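Listing of data.cif; format and content: mmCIF, C-alpha atoms.
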```cif
data_model
loop_
_atom_site.label_atom_id
_atom_site.label_comp_id
_atom_site.auth_asym_id
_atom_site.auth_seq_id
_atom_site.Cartn_x
_atom_site.Cartn_y
_atom_site.Cartn_z
CA MET X 1 0.00 0.00 0.00
CA VAL X 2 1.25 3.47 -0.89
CA PRO X 3 1.56 5.60 2.26
CA PRO X 4 -0.53 8.76 2.62
CA VAL X 5 0.90 11.86 0.97
CA THR X 6 1.39 15.19 2.67
CA VAL X 7 0.63 17.76 0.00
CA THR X 8 3.24 20.49 0.08
CA ALA X 9 2.79 21.80 -3.45
CA PHE X 10 0.02 21.58 -6.00
CA THR X 11 -1.31 23.02 -9.20
CA PRO X 12 -2.85 26.47 -8.96
CA CYS X 13 -4.91 26.34 -12.14
CA ASN X 14 -4.65 23.02 -13.94
CA LYS X 15 -8.11 21.44 -13.74
CA PRO X 16 -6.95 18.02 -15.04
CA CYS X 17 -4.35 18.00 -12.25
CA PHE X 18 -6.20 18.99 -9.09
CA ASP X 19 -9.50 18.87 -7.31
CA GLN X 20 -10.51 22.13 -5.66
CA LYS X 21 -12.28 20.16 -2.93
CA ALA X 22 -9.06 18.47 -1.96
CA PHE X 23 -6.33 21.04 -2.50
CA PRO X 24 -6.36 24.79 -1.82
CA ILE X 25 -5.17 27.15 -4.56
CA THR X 26 -1.99 28.91 -3.52
CA PRO X 27 0.48 29.62 -6.35
CA SER X 28 4.10 30.06 -5.38
CA SER X 29 5.05 33.57 -4.39
CA GLY X 30 5.29 35.91 -7.38
CA LEU X 31 3.26 33.62 -9.68
CA THR X 32 -0.38 33.76 -10.75
CA LYS X 33 -2.43 31.30 -12.80
CA GLU X 34 -2.74 33.86 -15.62
CA MET X 35 0.99 33.49 -16.29
CA PHE X 36 0.57 29.86 -17.33
CA ASN X 37 -1.22 27.85 -19.92
CA THR X 38 -4.33 26.30 -18.38
CA TYR X 39 -2.80 22.82 -18.71
CA THR X 40 0.39 23.42 -16.78
CA CYS X 41 0.68 25.50 -13.66
CA LEU X 42 2.63 23.22 -11.36
CA ARG X 43 5.22 24.67 -9.05
CA ASP X 44 7.77 21.91 -9.58
CA PRO X 45 7.53 18.43 -11.09
CA SER X 46 9.47 16.93 -8.16
CA ALA X 47 6.69 17.98 -5.80
CA ASP X 48 3.57 18.18 -7.94
CA CYS X 49 3.52 15.15 -10.25
CA ARG X 50 1.34 12.63 -8.47
CA LEU X 51 -0.61 9.42 -9.03
CA ALA X 52 -4.33 8.89 -9.35
CA HIS X 53 -5.00 7.80 -5.78
CA GLU X 54 -3.79 11.20 -4.58
CA PHE X 55 -6.56 13.01 -6.43
CA ARG X 56 -9.90 12.91 -4.71
CA ASP X 57 -13.06 11.98 -6.63
CA ARG X 58 -11.17 10.77 -9.68
CA PRO X 59 -11.59 7.48 -11.57
CA PRO X 60 -8.86 4.80 -11.41
CA GLY X 61 -5.89 5.18 -13.70
CA ASN X 62 -2.51 6.82 -13.76
CA ALA X 63 -2.15 10.51 -13.08
CA TRP X 64 -0.88 11.89 -16.33
CA TYR X 65 -1.67 9.93 -19.47
CA GLY X 66 -4.86 9.08 -21.34
CA PRO X 67 -8.59 9.78 -20.96
CA ASP X 68 -8.51 9.15 -17.19
CA ALA X 69 -5.40 11.23 -16.63
CA HIS X 70 -5.17 13.74 -13.83
CA CYS X 71 -1.92 15.46 -14.71
CA ASN X 72 -0.95 15.20 -18.37
CA SER X 73 1.67 17.90 -17.97
CA CYS X 74 3.85 15.43 -16.02
CA ASP X 75 4.19 12.96 -18.89
CA ILE X 76 7.64 13.77 -20.29
CA TYR X 77 9.06 14.19 -16.77
CA PHE X 78 8.01 10.69 -15.72
CA THR X 79 8.79 9.09 -19.09
CA TYR X 80 12.26 10.51 -19.70
CA CYS X 81 13.57 12.43 -16.69
CA ALA X 82 12.68 10.50 -13.52
CA GLN X 83 14.09 7.19 -12.28
CA LYS X 84 12.21 3.96 -13.02
CA ASP X 85 10.53 4.01 -9.61
CA GLY X 86 9.43 7.60 -10.18
CA SER X 87 11.94 9.22 -7.84
CA MET X 88 13.89 12.20 -9.08
CA ASN X 89 17.48 12.04 -10.26
CA THR X 90 20.14 13.78 -8.20
CA GLY X 91 23.87 14.26 -8.50
CA THR X 92 25.48 15.20 -11.82
CA LEU X 93 22.99 16.78 -14.21
CA LYS X 94 22.58 15.03 -17.56
CA PHE X 95 20.47 15.77 -20.61
CA VAL X 96 18.18 13.18 -22.16
CA THR X 97 16.10 12.95 -25.35
CA ASN X 98 12.69 11.55 -26.24
CA GLY X 99 13.98 9.37 -29.06
CA GLY X 100 12.99 11.75 -31.85
CA SER X 101 15.46 12.66 -34.58
CA PRO X 102 16.86 16.20 -34.79
CA VAL X 103 17.67 15.63 -38.48
CA SER X 104 14.26 14.23 -39.43
CA THR X 105 11.63 16.28 -41.23
CA THR X 106 8.86 14.11 -39.73
CA ARG X 107 9.60 13.85 -36.00
CA HIS X 108 11.88 16.31 -34.26
CA ALA X 109 13.58 15.59 -30.92
CA LEU X 110 13.14 16.93 -27.40
CA VAL X 111 16.17 17.52 -25.16
CA MET X 112 15.57 17.79 -21.40
CA PRO X 113 17.52 17.89 -18.13
CA ASN X 114 17.18 14.61 -16.22
CA GLN X 115 16.32 16.47 -13.04
CA PRO X 116 13.05 18.32 -12.32
CA CYS X 117 13.02 21.78 -13.92
CA ARG X 118 9.65 23.49 -14.35
CA GLY X 119 10.46 25.72 -17.31
CA VAL X 120 12.08 28.89 -18.66
CA GLU X 121 11.14 30.98 -15.62
CA VAL X 122 13.74 28.98 -13.63
CA TRP X 123 16.28 28.39 -16.40
CA GLU X 124 19.18 29.44 -14.15
CA SER X 125 18.47 26.65 -11.65
CA PRO X 126 21.27 24.06 -11.38
CA ARG X 127 18.62 21.41 -12.07
CA CYS X 128 17.86 23.05 -15.45
CA GLY X 129 21.39 23.40 -16.77
CA GLY X 130 21.27 27.10 -17.56
CA GLU X 131 22.59 28.15 -20.96
CA LYS X 132 24.33 24.77 -21.30
CA ALA X 133 20.93 23.31 -22.24
CA TRP X 134 21.40 24.87 -25.69
CA ASP X 135 24.75 23.11 -26.11
CA ALA X 136 23.14 19.81 -25.11
CA ALA X 137 20.50 20.33 -27.78
CA LEU X 138 23.15 21.06 -30.41
CA LYS X 139 25.01 17.91 -29.34
CA ALA X 140 21.84 15.90 -29.93
CA TYR X 141 21.80 17.32 -33.45
CA THR X 142 25.45 16.49 -34.16
CA ASP X 143 25.12 13.04 -32.55
CA ALA X 144 22.36 12.39 -35.09
CA THR X 145 24.87 13.14 -37.89
CA GLY X 146 23.74 16.73 -38.23
CA ASN X 147 26.41 19.19 -39.38
CA PRO X 148 26.59 22.22 -37.04
CA LYS X 149 27.72 24.28 -40.04
CA ASP X 150 24.52 23.60 -41.96
CA TYR X 151 23.55 27.23 -41.51
CA PHE X 152 19.83 28.06 -41.48
CA LYS X 153 19.03 24.33 -41.65
CA TYR X 154 18.27 23.44 -38.02
CA VAL X 155 16.66 25.19 -35.09
CA ILE X 156 16.58 24.77 -31.31
CA ALA X 157 13.43 26.19 -29.71
CA VAL X 158 11.68 26.42 -26.34
CA ASN X 159 8.24 27.58 -25.23
CA SER X 160 7.37 30.41 -22.88
CA MET X 161 5.40 29.88 -19.67
CA ARG X 162 2.06 30.51 -21.35
CA LYS X 163 2.80 28.40 -24.43
CA ARG X 164 4.03 25.20 -22.85
CA THR X 165 1.83 22.33 -21.72
CA ARG X 166 4.53 20.09 -20.27
CA GLN X 167 5.80 20.52 -16.74
CA GLN X 168 9.48 20.01 -17.51
CA LEU X 169 11.90 22.22 -19.41
CA HIS X 170 12.31 20.72 -22.89
CA LEU X 171 14.03 22.10 -25.97
CA HIS X 172 12.75 21.21 -29.43
CA VAL X 173 15.54 20.34 -31.90
CA GLY X 174 14.92 19.76 -35.58
CA THR X 175 14.91 20.97 -39.16
CA LEU X 176 13.97 24.63 -39.63
CA ALA X 177 10.68 25.15 -41.46
CA PRO X 178 11.43 26.20 -45.08
CA GLY X 179 9.10 29.20 -44.96
CA VAL X 180 10.89 30.54 -41.88
CA LYS X 181 14.34 29.72 -43.30
CA ASP X 182 13.93 31.76 -46.47
CA ALA X 183 12.80 34.89 -44.65
CA LEU X 184 15.57 34.63 -42.05
CA GLU X 185 18.20 34.32 -44.77
CA LYS X 186 16.91 37.44 -46.51
CA GLY X 187 16.71 39.43 -43.30
CA HIS X 188 20.17 38.25 -42.29
CA ALA X 189 21.67 39.37 -45.62
CA TRP X 190 20.07 42.81 -45.23
CA ALA X 191 21.01 43.38 -41.58
CA LYS X 192 24.42 41.70 -41.27
CA GLY X 193 27.16 44.15 -40.33
CA SER X 194 24.85 47.13 -39.91
CA LYS X 195 22.00 46.07 -37.59
CA LYS X 196 21.67 44.23 -34.31
CA THR X 197 18.21 42.88 -35.09
CA PHE X 198 15.72 42.40 -37.89
CA MET X 199 12.12 41.15 -38.04
CA ILE X 200 10.02 38.88 -40.23
CA ALA X 201 6.25 38.44 -40.56
CA CYS X 202 4.66 34.98 -40.82
CA THR X 203 1.24 33.79 -41.94
CA LYS X 204 -0.30 30.38 -42.46
CA ALA X 205 -3.10 29.12 -44.71
CA LYS X 206 -5.08 26.04 -43.75
CA ALA X 207 -3.19 22.77 -44.40
CA ALA X 208 -0.21 24.73 -45.71
CA ASP X 209 3.24 25.39 -44.28
CA ILE X 210 3.98 28.62 -42.48
CA SER X 211 5.08 31.33 -44.88
CA CYS X 212 7.29 34.18 -43.64
CA LYS X 213 8.44 37.32 -45.37
CA PHE X 214 11.16 39.87 -44.73
CA ASP X 215 10.39 43.49 -45.62
CA ALA X 216 13.08 46.10 -44.95
CA SER X 217 10.44 48.84 -44.93
CA LYS X 218 8.44 47.15 -42.18
CA GLN X 219 10.69 46.72 -39.18
CA THR X 220 8.49 47.37 -36.15
CA GLU X 221 7.08 44.72 -33.83
CA PRO X 222 3.39 45.36 -34.64
CA GLN X 223 4.17 44.55 -38.30
CA ASN X 224 5.98 41.28 -37.59
CA THR X 225 5.87 37.98 -35.74
CA ILE X 226 9.53 37.09 -35.14
CA VAL X 227 12.43 39.28 -33.94
CA ALA X 228 15.92 37.97 -34.79
CA THR X 229 18.92 39.17 -32.77
CA PHE X 230 22.53 38.68 -33.90
CA ALA X 231 24.82 36.94 -31.40
CA ALA X 232 28.34 35.52 -31.49
CA GLY X 233 29.93 32.59 -29.70
CA ALA X 234 31.78 29.34 -30.23
CA SER X 235 28.66 27.54 -28.99
CA PRO X 236 25.04 28.53 -28.38
CA SER X 237 25.63 28.84 -24.63
CA VAL X 238 28.29 31.50 -25.20
CA ALA X 239 25.71 33.56 -27.13
CA LYS X 240 23.44 33.44 -24.03
CA PRO X 241 20.04 32.84 -25.66
CA PHE X 242 18.07 32.54 -22.41
CA GLU X 243 19.52 35.73 -20.98
CA THR X 244 19.06 37.60 -24.28
CA ILE X 245 15.30 36.95 -24.41
CA TYR X 246 14.31 36.30 -20.79
CA GLY X 247 17.02 38.03 -18.77
CA LYS X 248 18.06 36.74 -15.38
CA ASN X 249 15.43 34.82 -13.45
CA THR X 250 13.48 36.98 -11.06
CA LYS X 251 13.25 36.01 -7.41
CA ALA X 252 10.00 35.75 -5.45
CA PRO X 253 7.98 37.77 -4.75
CA SER X 254 8.92 39.53 -8.02
CA PRO X 255 6.98 38.07 -10.98
CA PRO X 256 8.71 36.78 -14.14
CA GLY X 257 9.17 39.27 -16.98
CA GLN X 258 6.64 39.56 -19.78
CA SER X 259 8.93 37.88 -22.32
CA THR X 260 9.29 34.87 -20.01
CA ILE X 261 5.52 34.62 -19.75
CA LYS X 262 4.55 35.34 -23.37
CA HIS X 263 7.36 34.80 -25.86
CA SER X 264 8.65 31.46 -27.05
CA MET X 265 12.11 31.55 -28.59
CA GLY X 266 14.62 29.74 -30.78
CA VAL X 267 18.24 29.66 -31.93
CA VAL X 268 19.48 29.23 -35.52
CA ALA X 269 23.10 28.93 -36.66
CA SER X 270 23.67 31.63 -39.30
CA ALA X 271 27.46 31.50 -39.92
CA ASP X 272 30.67 30.24 -38.29
CA ASN X 273 30.30 31.03 -34.56
CA GLN X 274 27.30 33.23 -35.37
CA TRP X 275 23.72 32.72 -34.19
CA LEU X 276 20.31 34.27 -34.61
CA ILE X 277 18.33 34.34 -31.39
CA LEU X 278 14.63 34.40 -32.25
CA LYS X 279 11.84 35.88 -30.14
CA LEU X 280 8.35 34.81 -31.19
CA LEU X 281 6.01 37.72 -30.63
CA GLY X 282 3.12 35.27 -30.81
CA GLY X 283 3.15 31.52 -31.26
CA ALA X 284 4.47 28.18 -30.10
CA ALA X 285 8.09 27.12 -30.51
CA GLU X 286 7.15 24.07 -32.59
CA CYS X 287 5.99 26.25 -35.46
CA LEU X 288 9.63 26.97 -36.29
CA LEU X 289 10.09 23.26 -37.10
CA ALA X 290 9.54 21.63 -40.48
CA ASP X 291 7.51 18.74 -39.07
CA GLU X 292 5.09 21.04 -37.23
CA ALA X 293 4.77 24.03 -39.57
CA LYS X 294 1.79 22.58 -41.46
CA ASP X 295 -0.18 21.62 -38.34
CA ASP X 296 -3.39 23.66 -38.21
CA GLN X 297 -3.95 22.72 -34.57
CA LYS X 298 -0.60 24.04 -33.39
CA CYS X 299 0.04 26.74 -35.98
CA ASN X 300 -3.03 28.83 -36.63
CA PRO X 301 -2.73 31.70 -39.12
CA ALA X 302 -0.43 34.36 -37.66
CA THR X 303 -1.22 37.96 -38.45
CA ALA X 304 1.05 41.01 -38.08
CA GLY X 305 2.29 41.33 -34.53
CA GLY X 306 1.25 37.79 -33.66
CA GLY X 307 -2.47 38.54 -33.55
CA GLY X 308 -3.39 35.00 -34.60
CA GLU X 309 -1.20 32.95 -32.29
CA PRO X 310 -0.36 29.30 -32.95
CA VAL X 311 -1.66 27.25 -30.06
CA VAL X 312 0.51 25.93 -27.25
CA ASP X 313 2.74 22.91 -27.54
CA THR X 314 0.84 19.63 -27.34
CA VAL X 315 1.49 16.00 -28.20
CA ALA X 316 -1.00 13.78 -30.02
CA THR X 317 -3.23 11.55 -27.89
CA THR X 318 -6.05 9.10 -28.50
CA ASP X 319 -8.32 11.49 -26.62
CA LYS X 320 -8.09 14.78 -28.52
CA THR X 321 -9.49 16.76 -25.60
CA VAL X 322 -6.62 15.77 -23.34
CA PRO X 323 -2.95 16.57 -24.01
CA GLY X 324 -0.73 13.50 -23.58
CA VAL X 325 1.60 11.10 -25.30
CA VAL X 326 0.59 8.11 -27.40
CA ASP X 327 3.52 5.94 -26.33
CA GLY X 328 3.38 6.77 -22.62
CA VAL X 329 3.86 4.36 -19.73
CA PRO X 330 2.06 4.44 -16.38
CA GLY X 331 3.07 7.33 -14.12
CA ARG X 332 4.98 6.68 -10.95
CA ARG X 333 4.82 8.28 -7.55
CA LEU X 334 7.77 10.51 -6.64
CA LYS X 335 9.71 9.86 -3.48
CA LEU X 336 9.51 13.16 -1.64
#
```
Final structure tokens representation of the file:
Amino acid sequence: MVPPVTVTAFTPCNKPCFDQKAFPITPSSGLTKEMFNTYTCLRDPSADCRLAHEFRDRPPGNAWYGPDAHCNSCDIYFTYCAQKDGSMNTGTLKFVTNGGSPVSTTRHALVMPNQPCRGVEVWESPRCGGEKAWDAALKAYTDATGNPKDYFKYVIAVNSMRKRTRQQLHLHVGTLAPGVKDALEKGHAWAKGSKKTFMIACTKAKAADISCKFDASKQTEPQNTIVATFAAGASPSVAKPFETIYGKNTKAPSPPGQSTIKHSMGVVASADNQWLILKLLGGAAECLLADEAKDDQKCNPATAGGGGEPVVDTVATTDKTVPGVVDGVPGRRLKL
């Protein structure tokens, strides 16, 4: 028999993950439910990912996968980042993948720390890996026979607080969507050597890939959907992508910055030791990737300034109303 659990942390706004009758709603200091996507508001996967018996008035089943799930946002943490018995990893931080291929145009890869790390609002935590997470993602690409000098071919991307649905920091690594690639190359050629940034505007027709355009006469945020910033460094971590877009992590009770809450981001290699750091003014990180750019569910038409935002990151499930993973295994209780 599993011993009773003393609840020390819980989800402030994720209805699939908590029962208001059982748990009070008290977000961590400095955080509010409006900062998160409605599917993922946990304080920390090491404390909040729980099994079905810990959720009052719920049907039998595991806590995070499938129609009877209670906490879908814990799926990648339990599947790839926790130990087999569900306890969290400690000691030397490592990065793991989900088995996808960074060089595939049909299924990109996820790269994650093997210790609990909620998301970009705590990217500086030792359990998250800091800027080194970008290097780990690039290594996954090169380990899959990708050439790091294939400029404008691959992208590493991560979702903001409001765009993610998974309660574990995970970087998407894969082939850059062609429609994004062409516009970035044109903007890069125009701005290189004379500008620090440039912007592109993206739209999407139903069942079609995202299409982006660069226009030198339209270089204000309301006219565009992606801001590209030039950065230099022998590796992505040296270019400091997290700090460039999100800044240093704020400390409670100060809330995270607006970019951390709203703006997903990505990194593209543009030349030898040169990088473009992308800020998405509206949209999910996956829409930068070739295998996701045609998905009408994730990448709705984007108007100038991000008015039509692609939806948050999700993974296909047999129950389309519930985010989850098709190849999941039963969730496991964490040892607290």
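Residue selection for this entry, given the PyMOL selection byres ((chain X and resi 252) around 12), comprises X:Pro27, X:Ser28, X:Ser29, X:Gly30, X:Leu31, X:Thr32, X:Glu121, X:Val122, X:Asn249, X:Thr250, X:Lys251, X:Pro253, X:Ser254, X:Pro255, X:Pro256.
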Neighbourhood query: residues within 10 Å of (18.7, 14.9, -17.0), file coordinates, counting only C-alpha atoms; return as a list in words.
-> Tyr77, Tyr80, Cys81, Ala82, Met88, Asn89, Thr90, Gly91, Thr92, Leu93, Lys94, Phe95, Val96, Thr97, Val111, Met112, Pro113, Asn114, Gln115, Pro116, Cys117, Arg127, Cys128 and Gly129 of chain X
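Using only C-alpha atoms, the smallest distance between any of X:Asn159, X:Thr203, X:Ser270, X:Thr197 and Thr225 (chain X) comes from X:Thr203.
As for CA of Leu171 (chain X) and CA of Ile156 (chain X), they are spaced 6.5 Å apart.
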On this structure, which residues satisfy the PyMOL selection byres ((chain X and resi 192) around 12), written as JSON, numbers by chain?
-> {"X": [184, 185, 186, 187, 188, 189, 190, 191, 193, 194, 195, 196, 197, 198, 228, 229, 230, 231, 270, 271, 274, 275, 276]}
Matched chain/residue IDs from the PyMOL selection byres ((chain X and resi 103) around 8), as a list in words |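 Selected by the PyMOL selection byres ((chain X and resi 103) around 8) in this file: Ser101, Pro102, Ser104, Thr105, His108, Tyr141, Ala144, Thr145, Gly146, Tyr154, Gly174 and Thr175 of chain X.
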Closest of X:Val238, X:Lys262, X:Gly282, X:Ala290 to Lys132 (chain X), counting only C-alpha atoms, is X:Val238
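For the pair CA of Gly100 (chain X) and CA of Val155 (chain X), the separation is 14.3 Å.
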Between CA of Ile226 (chain X) and CA of Gly283 (chain X), measure the distance and give it in Å to one decimal.
->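 The value is 9.3 Å.
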If we count all atoms listed in the file, what is near Gly179 (chain X) at a cut-off of 6 Å, once residues fewer than 3 positions away on the same chain are taken out, given as a ChimeraX atom specification?
-> /X:182,210-212
Selected residue of minimal separation from Pro178 (chain X) among X:Ala216, X:Met161, X:Ala133, X:Ala208, counting only C-alpha atoms | X:Ala208
Got a sec: who's within 12 Å of Ile245 (chain X), counting only C-alpha atoms, leaving out chain neighbours fewer than 6 positions off, as a PyMOL selection string?
-> chain X and resi 120-121+123+131+158-160+227-229+231+239+257-267+276-281
Could you work out an axis-aligned box for region 202-214 of chain X, taking every atom the file lists and adding 5 Å on each side, and report centre and edge lengths in Å to one decimal, as lines of an AutoDock Vina configuration file?
```
center_x = 3.0
center_y = 31.3
center_z = -43.3
size_x = 26.2
size_y = 27.1
size_z = 14.9
```
Option closest in space to Leu176 (chain X), from X:Asp209, X:Leu138, X:Lys204, X:Leu289 [counting only C-alpha atoms] =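 Of X:Asp209, X:Leu138, X:Lys204, X:Leu289, the one nearest Leu176 (chain X) is X:Leu289, counting only C-alpha atoms.
Proximity ranking of X:His170, X:Lys181, X:Lys294, X:Lys248 relative to Leu110 (chain X) places X:His170 first, based on only C-alpha atoms.
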